[in-house]
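This is input13.txt. It holds compact mmCIF, C-alpha atoms.
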```txt
# COMPACT_ATOMS: atom_id res chain seq x y z
CA MET C 449 9.38 -1.04 -16.33
CA SER C 450 8.74 0.23 -19.86
CA ASP C 451 5.40 1.68 -20.91
CA THR C 452 4.91 -1.26 -23.29
CA THR C 453 5.47 -3.83 -20.57
CA ALA C 454 3.20 -1.98 -18.16
CA GLU C 455 0.46 -1.83 -20.79
CA HIS C 456 0.83 -5.55 -21.51
CA GLU C 457 0.59 -6.44 -17.81
CA ALA C 458 -2.46 -4.23 -17.34
CA ASN C 459 -4.20 -5.69 -20.38
CA THR C 460 -3.37 -9.24 -19.37
CA GLU C 461 -4.58 -8.74 -15.81
CA GLU C 462 -7.85 -7.21 -16.98
CA LEU C 463 -8.47 -10.05 -19.44
CA GLU C 464 -7.62 -12.67 -16.82
CA ARG C 465 -10.13 -11.11 -14.47
CA ARG C 466 -12.82 -11.01 -17.15
CA VAL C 467 -12.24 -14.63 -18.12
CA TYR C 468 -12.27 -15.74 -14.49
CA LEU C 469 -15.50 -13.86 -13.76
CA GLY C 470 -17.03 -15.23 -16.95
CA LEU C 471 -16.25 -18.75 -15.76
CA ARG C 472 -17.48 -18.02 -12.27
CA GLU C 473 -20.73 -16.39 -13.34
CA GLY C 474 -21.47 -18.69 -16.28
CA ASN C 475 -21.34 -15.99 -18.95
CA LEU C 476 -17.91 -16.55 -20.47
CA ASP C 477 -17.26 -14.48 -23.60
CA PRO C 478 -15.18 -16.53 -26.10
CA GLN C 479 -13.70 -13.29 -27.44
CA ASP C 480 -12.18 -12.60 -24.03
CA VAL C 481 -10.51 -16.01 -24.07
CA VAL C 482 -9.07 -15.41 -27.54
CA ALA C 483 -7.95 -11.89 -26.62
CA LEU C 484 -6.18 -13.21 -23.52
CA ALA C 485 -4.49 -15.95 -25.55
CA CYS C 486 -3.32 -13.40 -28.14
CA GLU C 487 -1.95 -11.12 -25.43
CA LEU C 488 -0.02 -14.02 -23.91
CA LEU C 489 1.22 -15.20 -27.30
CA ASP C 490 2.58 -11.73 -28.07
CA TRP C 491 4.79 -12.13 -25.00
CA PHE C 492 6.05 -15.60 -25.89
CA GLN C 493 3.81 -17.70 -23.65
CA TYR C 494 3.36 -20.66 -25.98
CA THR C 495 1.35 -23.11 -23.91
CA ASP C 496 -0.82 -25.70 -25.63
CA ALA C 497 -3.98 -23.99 -24.42
CA VAL C 498 -2.84 -20.56 -25.64
CA LEU C 499 -1.96 -21.93 -29.07
CA GLU C 500 -5.25 -23.80 -29.35
CA ALA C 501 -7.27 -20.71 -28.45
CA VAL C 502 -5.45 -18.65 -31.09
CA GLU C 503 -5.54 -21.24 -33.85
CA ARG C 504 -9.17 -22.36 -33.57
CA LYS C 505 -12.11 -20.25 -34.68
CA PRO C 506 -14.33 -19.39 -31.68
CA ASN C 507 -17.45 -20.46 -33.59
CA ASP C 508 -15.97 -23.93 -34.01
CA VAL C 509 -15.40 -24.37 -30.28
CA SER C 510 -18.33 -25.59 -28.19
CA PRO C 511 -19.16 -23.76 -24.94
CA ALA C 512 -17.92 -26.74 -22.92
CA GLU C 513 -14.62 -26.81 -24.84
CA MET C 514 -14.19 -23.04 -24.47
CA THR C 515 -14.79 -23.30 -20.74
CA ALA C 516 -12.17 -26.02 -20.44
CA LEU C 517 -9.77 -24.02 -22.61
CA ALA C 518 -10.24 -20.90 -20.49
CA ARG C 519 -9.55 -22.84 -17.30
CA ARG C 520 -6.38 -24.32 -18.80
CA ILE C 521 -5.10 -20.89 -19.81
CA LEU C 522 -5.70 -19.44 -16.35
CA ASP C 523 -3.96 -22.46 -14.83
CA ASP C 524 -1.03 -22.05 -17.23
CA VAL C 525 -0.43 -18.45 -16.19
CA GLY C 526 -0.98 -19.17 -12.50
CA PHE C 527 -3.87 -16.74 -12.19
CA ASP C 528 -5.20 -16.35 -8.67
CA PRO C 529 -8.44 -14.43 -8.05
CA GLY C 530 -7.32 -13.27 -4.61
CA PHE C 531 -9.88 -12.24 -2.05
CA ASP C 532 -11.63 -9.62 -4.17
CA LEU C 533 -12.82 -11.91 -6.97
CA ALA C 534 -13.36 -14.89 -4.65
CA PRO C 535 -14.87 -13.32 -1.51
CA GLU C 536 -15.86 -16.72 -0.14
CA ARG C 537 -12.19 -17.22 0.70
CA LEU C 538 -12.34 -14.31 3.12
CA GLU C 539 -15.47 -15.74 4.70
CA THR C 540 -13.69 -19.09 5.12
CA LEU C 541 -10.80 -17.31 6.84
CA ARG C 542 -13.11 -15.35 9.14
CA ALA C 543 -14.86 -18.58 10.11
CA ALA C 544 -11.44 -20.11 10.84
CA LEU C 545 -10.53 -17.18 13.07
CA ARG C 546 -13.71 -17.63 15.12
CA ILE C 547 -12.48 -21.15 15.87
CA ALA C 548 -8.82 -20.26 16.50
CA ALA C 549 -9.82 -17.34 18.74
CA ARG C 550 -11.25 -19.78 21.27
CA ASP C 551 -7.65 -20.80 22.10
CA LEU C 552 -6.34 -17.28 22.70
CA PRO C 553 -7.55 -16.96 26.33
CA THR C 554 -5.11 -19.77 27.23
CA ARG C 555 -2.42 -17.26 26.25
CA GLY C 556 -4.07 -14.49 28.27
CA ILE C 557 -5.50 -12.75 25.22
CA GLN C 558 -9.03 -11.44 25.53
CA GLY C 559 -11.41 -9.76 23.13
CA GLU C 560 -12.51 -10.54 19.59
CA PRO C 561 -9.74 -10.55 16.95
CA GLU C 562 -10.45 -9.59 13.36
CA ILE C 563 -9.12 -10.56 9.96
CA GLU C 564 -7.28 -7.68 8.30
CA VAL C 565 -6.64 -7.72 4.55
CA LEU C 566 -3.09 -6.49 3.96
CA GLU C 567 -3.29 -4.40 0.82
CA ASP C 568 0.31 -3.24 1.36
CA ARG C 569 1.70 -6.75 0.78
CA PHE C 570 2.42 -8.48 -2.50
CA PRO C 571 0.66 -10.63 -3.13
CA VAL C 572 -2.20 -9.26 -1.09
CA GLY C 573 -2.91 -11.49 1.91
CA ALA C 574 -4.41 -11.30 5.37
CA GLY C 575 -3.29 -11.00 8.96
CA VAL C 576 -5.04 -10.84 12.32
CA ARG C 577 -5.71 -7.72 14.36
CA LEU C 578 -6.16 -8.40 18.08
CA ALA C 579 -8.66 -6.45 20.16
CA ASP C 580 -5.81 -4.36 21.64
CA GLY C 581 -4.67 -3.32 18.16
CA GLU C 582 -1.67 -5.64 17.80
CA ARG C 583 -1.30 -7.05 14.31
CA LEU C 584 -0.25 -10.67 13.89
CA ASP C 585 1.28 -11.56 10.54
CA TRP C 586 4.74 -12.86 11.39
CA GLY C 587 6.28 -15.62 9.30
CA GLY C 588 4.15 -14.89 6.27
CA HIS C 589 0.62 -13.62 5.96
CA ILE C 590 -2.29 -15.80 4.92
CA LEU C 591 -2.50 -16.00 1.15
CA PRO C 592 -5.90 -16.27 -0.56
CA ASP C 593 -5.23 -19.74 -1.96
CA MET C 594 -4.74 -21.03 1.59
CA CYS C 595 -8.44 -20.35 2.15
CA ASP C 596 -9.93 -22.67 -0.45
CA ASP C 597 -10.12 -25.41 2.17
CA PRO C 598 -11.34 -24.78 5.76
CA THR C 599 -8.78 -27.11 7.35
CA THR C 600 -5.88 -25.50 5.48
CA ALA C 601 -7.17 -22.04 6.39
CA LEU C 602 -7.46 -22.93 10.08
CA THR C 603 -4.08 -24.69 10.21
CA SER C 604 -2.34 -21.78 8.45
CA LEU C 605 -4.05 -19.28 10.72
CA ALA C 606 -3.12 -21.13 13.92
CA THR C 607 0.51 -21.35 12.76
CA MET C 608 0.69 -17.65 11.90
CA ILE C 609 -0.84 -16.62 15.23
CA GLN C 610 1.55 -18.88 17.13
CA GLU C 611 4.65 -17.63 15.28
CA SER C 612 3.58 -14.00 15.65
CA LEU C 613 3.07 -14.33 19.40
CA LEU C 614 6.42 -16.08 19.75
CA GLU C 615 8.14 -13.24 17.90
CA SER C 616 6.49 -10.52 20.00
CA THR C 617 6.73 -12.18 23.44
CA ARG C 618 9.64 -14.63 23.09
CA GLN C 619 7.46 -17.19 24.87
CA VAL C 620 6.52 -20.53 23.38
CA TRP C 621 2.78 -21.18 23.16
CA PRO C 622 1.07 -23.62 23.29
CA VAL C 623 3.19 -26.12 25.24
CA CYS C 624 2.43 -29.81 25.65
CA PRO C 625 1.97 -30.42 29.39
CA TRP C 626 3.33 -33.98 29.15
CA HIS C 627 6.46 -33.37 27.09
CA GLY C 628 7.18 -29.71 27.72
CA LEU C 629 7.47 -29.14 23.98
CA GLY C 630 5.94 -26.41 21.91
CA VAL C 631 3.15 -27.80 19.77
CA HIS C 632 2.35 -26.73 16.24
CA GLY C 633 -0.70 -26.30 14.06
CA SER C 634 -1.06 -29.28 11.75
CA GLY C 635 -3.65 -30.80 9.47
CA ARG C 636 -4.35 -34.40 10.54
CA ASP C 637 -7.07 -36.56 9.01
CA GLY C 638 -8.89 -33.52 7.70
CA THR C 639 -8.80 -31.67 11.04
CA ALA C 640 -6.65 -28.76 12.20
CA VAL C 641 -4.96 -29.78 15.45
CA TRP C 642 -2.25 -28.76 17.87
CA TRP C 643 0.37 -31.45 17.32
CA CYS C 644 3.17 -32.44 19.70
CA ALA C 645 6.23 -34.32 18.40
CA GLY C 646 6.91 -36.01 21.75
CA ASP C 647 6.94 -39.82 21.97
CA GLY C 648 6.39 -40.26 18.26
CA GLY C 649 3.77 -37.53 18.01
CA HIS C 650 0.27 -37.01 19.33
CA VAL C 651 -2.64 -34.58 19.17
CA LEU C 652 -2.83 -32.23 22.14
CA ALA C 653 -6.21 -30.84 21.04
CA PRO C 654 -8.08 -29.74 17.94
CA VAL C 655 -7.50 -26.08 17.17
CA GLY C 656 -10.22 -24.21 19.04
CA GLU C 657 -10.31 -26.74 21.88
CA LEU C 658 -6.92 -26.09 23.45
CA SER C 659 -8.31 -25.35 26.90
CA ARG C 660 -9.85 -28.82 27.00
CA GLY C 661 -6.54 -30.39 26.00
CA LEU C 662 -4.63 -28.47 28.67
CA ALA C 663 -7.24 -29.32 31.28
CA GLY C 664 -6.40 -33.00 30.84
CA ARG C 665 -2.73 -32.40 31.61
CA HIS C 666 -2.64 -35.07 34.35
CA ASP C 667 -3.55 -37.78 31.86
CA ARG C 668 -1.02 -39.17 29.41
CA PRO C 669 -1.90 -39.09 25.71
CA GLY C 670 -4.09 -42.04 24.81
CA GLN C 671 -5.43 -42.33 28.37
CA ARG C 672 -8.11 -39.65 28.14
```

How would this structure read if it were set down as structure tokens?
Amino acid sequence: MSDTTAEHEANTEELERRVYLGLREGNLDPQDVVALACELLDWFQYTDAVLEAVERKPNDVSPAEMTALARRILDDVGFDPGFDLAPERLETLRAALRIAARDLPTRGIQGEPEIEVLEDRFPVGAGVRLADGERLDWGGHILPDMCDDPTTALTSLATMIQESLLESTRQVWPVCPWHGLGVHGSGRDGTAVWWCAGDGGHVLAPVGELSRGLAGRHDRPGQR
């Protein structure tokens, strides 16, 4: 990477962060929006929002218009604030783990797992560290944008835990007691569930309530 390219990327990233924080904190500086647009324009990113920000005088743009323009520019470049600028995402993921952890004893796993931010990955994401020190992040770590919605965060987390345990133990978990099939984390009607594909598909249990679902193994789905 040339020095010029590296400087451009550093400048763009810093301006993106400033614009995002300005939007988030309600103190957006119009000059930051224009500077970001100019930086993008210099590197041939000619989106409608970039061109509008460069062509219009900041004093002629109302605060509401500038806010909308800033959001459009960030959307155009695919800016993601990660965990550091949007810490509520990490809290959503930690809350999801507290729920998913209730299912781990059915796999013989005890102790309190923790969310571990994986700074060595690009993009930065998160995995799970079990109480015995084993790290679970097989099949793709949890990306920050998966944590904007609690159900998506919990479904993604359950899937990652399941795939990681399968990779390390070569044993399928969880298994539907009626169909003998491995079930999978799935979002259904706004709820994260363990879903079995047998007989057209059915919910074994909500994520976090697997022990209850397995305890009803003598009853066919729909009869509980």

Please, what is the axis-aligned box for every listed atom of stretch 478-484 of chain C with 4 Å on each side, as centre and edge lengths in Å to one decimal, as AutoDock Vina command-line options?
```
--center_x -10.7 --center_y -14.2 --center_z -25.5 --size_x 17.0 --size_y 12.6 --size_z 12.0
```

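If only C-alpha atoms are the atoms counted, then among C:Leu552, C:Leu584, C:Ala544, C:Ala497 the closest residue to C:Glu564 is C:Leu584.
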
Problem - Of the listed residues C:Glu560, C:Asp597, C:Glu539, C:Asp480, that which approaches C:Gly581 most closely, counting all atoms listed in the file - result: C:Glu560

Handout entry: 8 Å contact set for C:Leu541, all atoms listed in the file, chain neighbours under 5 positions out, as an MDAnalysis selection string
Key = chainID C and resid 563 595 598 601:602

Problem - Shortest interatomic distance to C:Leu613 - which of C:Ile557, C:Ala548, C:Ala458, C:Cys486, counting all atoms listed in the file - result: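 Nearest to C:Leu613: C:Ile557.
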
Using all atoms listed in the file, which protein or nucleic acid residues come within 8 Å of C:Ala653? Drop anything in the same chain fewer than 4 positions from it, and give the result as a JSON list (two decimals) with C-alpha atoms, in the coordinates of the input.
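Result file part13.json:
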```
[["chain", "number", "residue", "atom", "x", "y", "z"],
["C", 641, "VAL", "CA", -4.96, -29.78, 15.45],
["C", 642, "TRP", "CA", -2.25, -28.76, 17.87],
["C", 643, "TRP", "CA", 0.37, -31.45, 17.32],
["C", 657, "GLU", "CA", -10.31, -26.74, 21.88],
["C", 658, "LEU", "CA", -6.92, -26.09, 23.45],
["C", 660, "ARG", "CA", -9.85, -28.82, 27.00],
["C", 661, "GLY", "CA", -6.54, -30.39, 26.00]]
```

Problem - Length of the atom CA of C:Ser612 to atom CA of C:Trp586 vector [Å] - result: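 Atom CA of C:Ser612 sits 4.6 Å away from atom CA of C:Trp586.
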
Practice task
List the neighbours of C:Asp477 out to 12 Å using only C-alpha atoms; skip same-chain residues closer than 5 positions along the sequence, and give me the result as a PyMOL selection string.
Solution key: chain C and resi 463-464+466-472+482-484+506-507+511+514-515+518

Practice task
Counting all atoms listed in the file, figure out which residue out of C:Val576, C:Ala512, C:Cys644, C:Ile521 gets nearest to C:Leu488.
Solution key: C:Ile521

Practice task
Tell me, in Å to one decimal, how far atom CA of C:Gln558 is from atom CA of C:His589.
Solution key: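 Rounded to one decimal, the two atoms are 21.9 Å apart.
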
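Coordinates place atom CA of C:Gln610 at a distance of 14.9 Å from atom CA of C:Leu652.
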
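Excluding C:Gly530 itself and any same-chain residue fewer than 4 positions from it, the protein and nucleic acid residues within 12 Å of it, counting all atoms listed in the file, are Arg465, Tyr468, Gly526, Ala534, Pro535, Glu536, Arg537, Leu538, Val565, Leu566, Glu567, Phe570, Pro571, Val572, Gly573, Ala574, Ile590, Leu591, Pro592, Asp593, Met594, Cys595 and Asp596 of chain C.
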
File dump, residues just selected, C-alpha atoms, as a JSON list (two decimals), in the coordinates of the input:
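Final output, selection25.json:
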```json
[["chain", "number", "residue", "atom", "x", "y", "z"],
["C", 465, "ARG", "CA", -10.13, -11.11, -14.47],
["C", 468, "TYR", "CA", -12.27, -15.74, -14.49],
["C", 526, "GLY", "CA", -0.98, -19.17, -12.50],
["C", 534, "ALA", "CA", -13.36, -14.89, -4.65],
["C", 535, "PRO", "CA", -14.87, -13.32, -1.51],
["C", 536, "GLU", "CA", -15.86, -16.72, -0.14],
["C", 537, "ARG", "CA", -12.19, -17.22, 0.70],
["C", 538, "LEU", "CA", -12.34, -14.31, 3.12],
["C", 565, "VAL", "CA", -6.64, -7.72, 4.55],
["C", 566, "LEU", "CA", -3.09, -6.49, 3.96],
["C", 567, "GLU", "CA", -3.29, -4.40, 0.82],
["C", 570, "PHE", "CA", 2.42, -8.48, -2.50],
["C", 571, "PRO", "CA", 0.66, -10.63, -3.13],
["C", 572, "VAL", "CA", -2.20, -9.26, -1.09],
["C", 573, "GLY", "CA", -2.91, -11.49, 1.91],
["C", 574, "ALA", "CA", -4.41, -11.30, 5.37],
["C", 590, "ILE", "CA", -2.29, -15.80, 4.92],
["C", 591, "LEU", "CA", -2.50, -16.00, 1.15],
["C", 592, "PRO", "CA", -5.90, -16.27, -0.56],
["C", 593, "ASP", "CA", -5.23, -19.74, -1.96],
["C", 594, "MET", "CA", -4.74, -21.03, 1.59],
["C", 595, "CYS", "CA", -8.44, -20.35, 2.15],
["C", 596, "ASP", "CA", -9.93, -22.67, -0.45]]
```

Practice task
Neighbourhood query: residues within 10 Å of (3.0, -34.7, 18.5), file coordinates, counting all atoms listed in the file; return as an MDAnalysis selection string.
Solution key: chainID C and resid 624 627 629:632 634 641:652 669

Exercise for the section: For each of C:Thr603, C:Val525, C:Leu662, C:Ala454, take the minimum atom-to-atom distance to C:Leu489, counting all atoms listed in the file, then give the residue where this is smallest. Expected result: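 Closest to C:Leu489 of all the choices is C:Val525.
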
Exercise for the section: Tell me which of C:Leu476, C:Met608, C:Ile547, C:Ala485 sits closest to C:Asn459, counting all atoms listed in the file. Expected result: C:Ala485

Handout entry: Long-range neighbours of C:Arg577 as a list of chain:residue names, 6 Å cut-off, only C-alpha atoms, 6 positions minimum in chain
Key =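 Listing them by chain and then by number gives C:Pro561, C:Glu562, C:Arg583.
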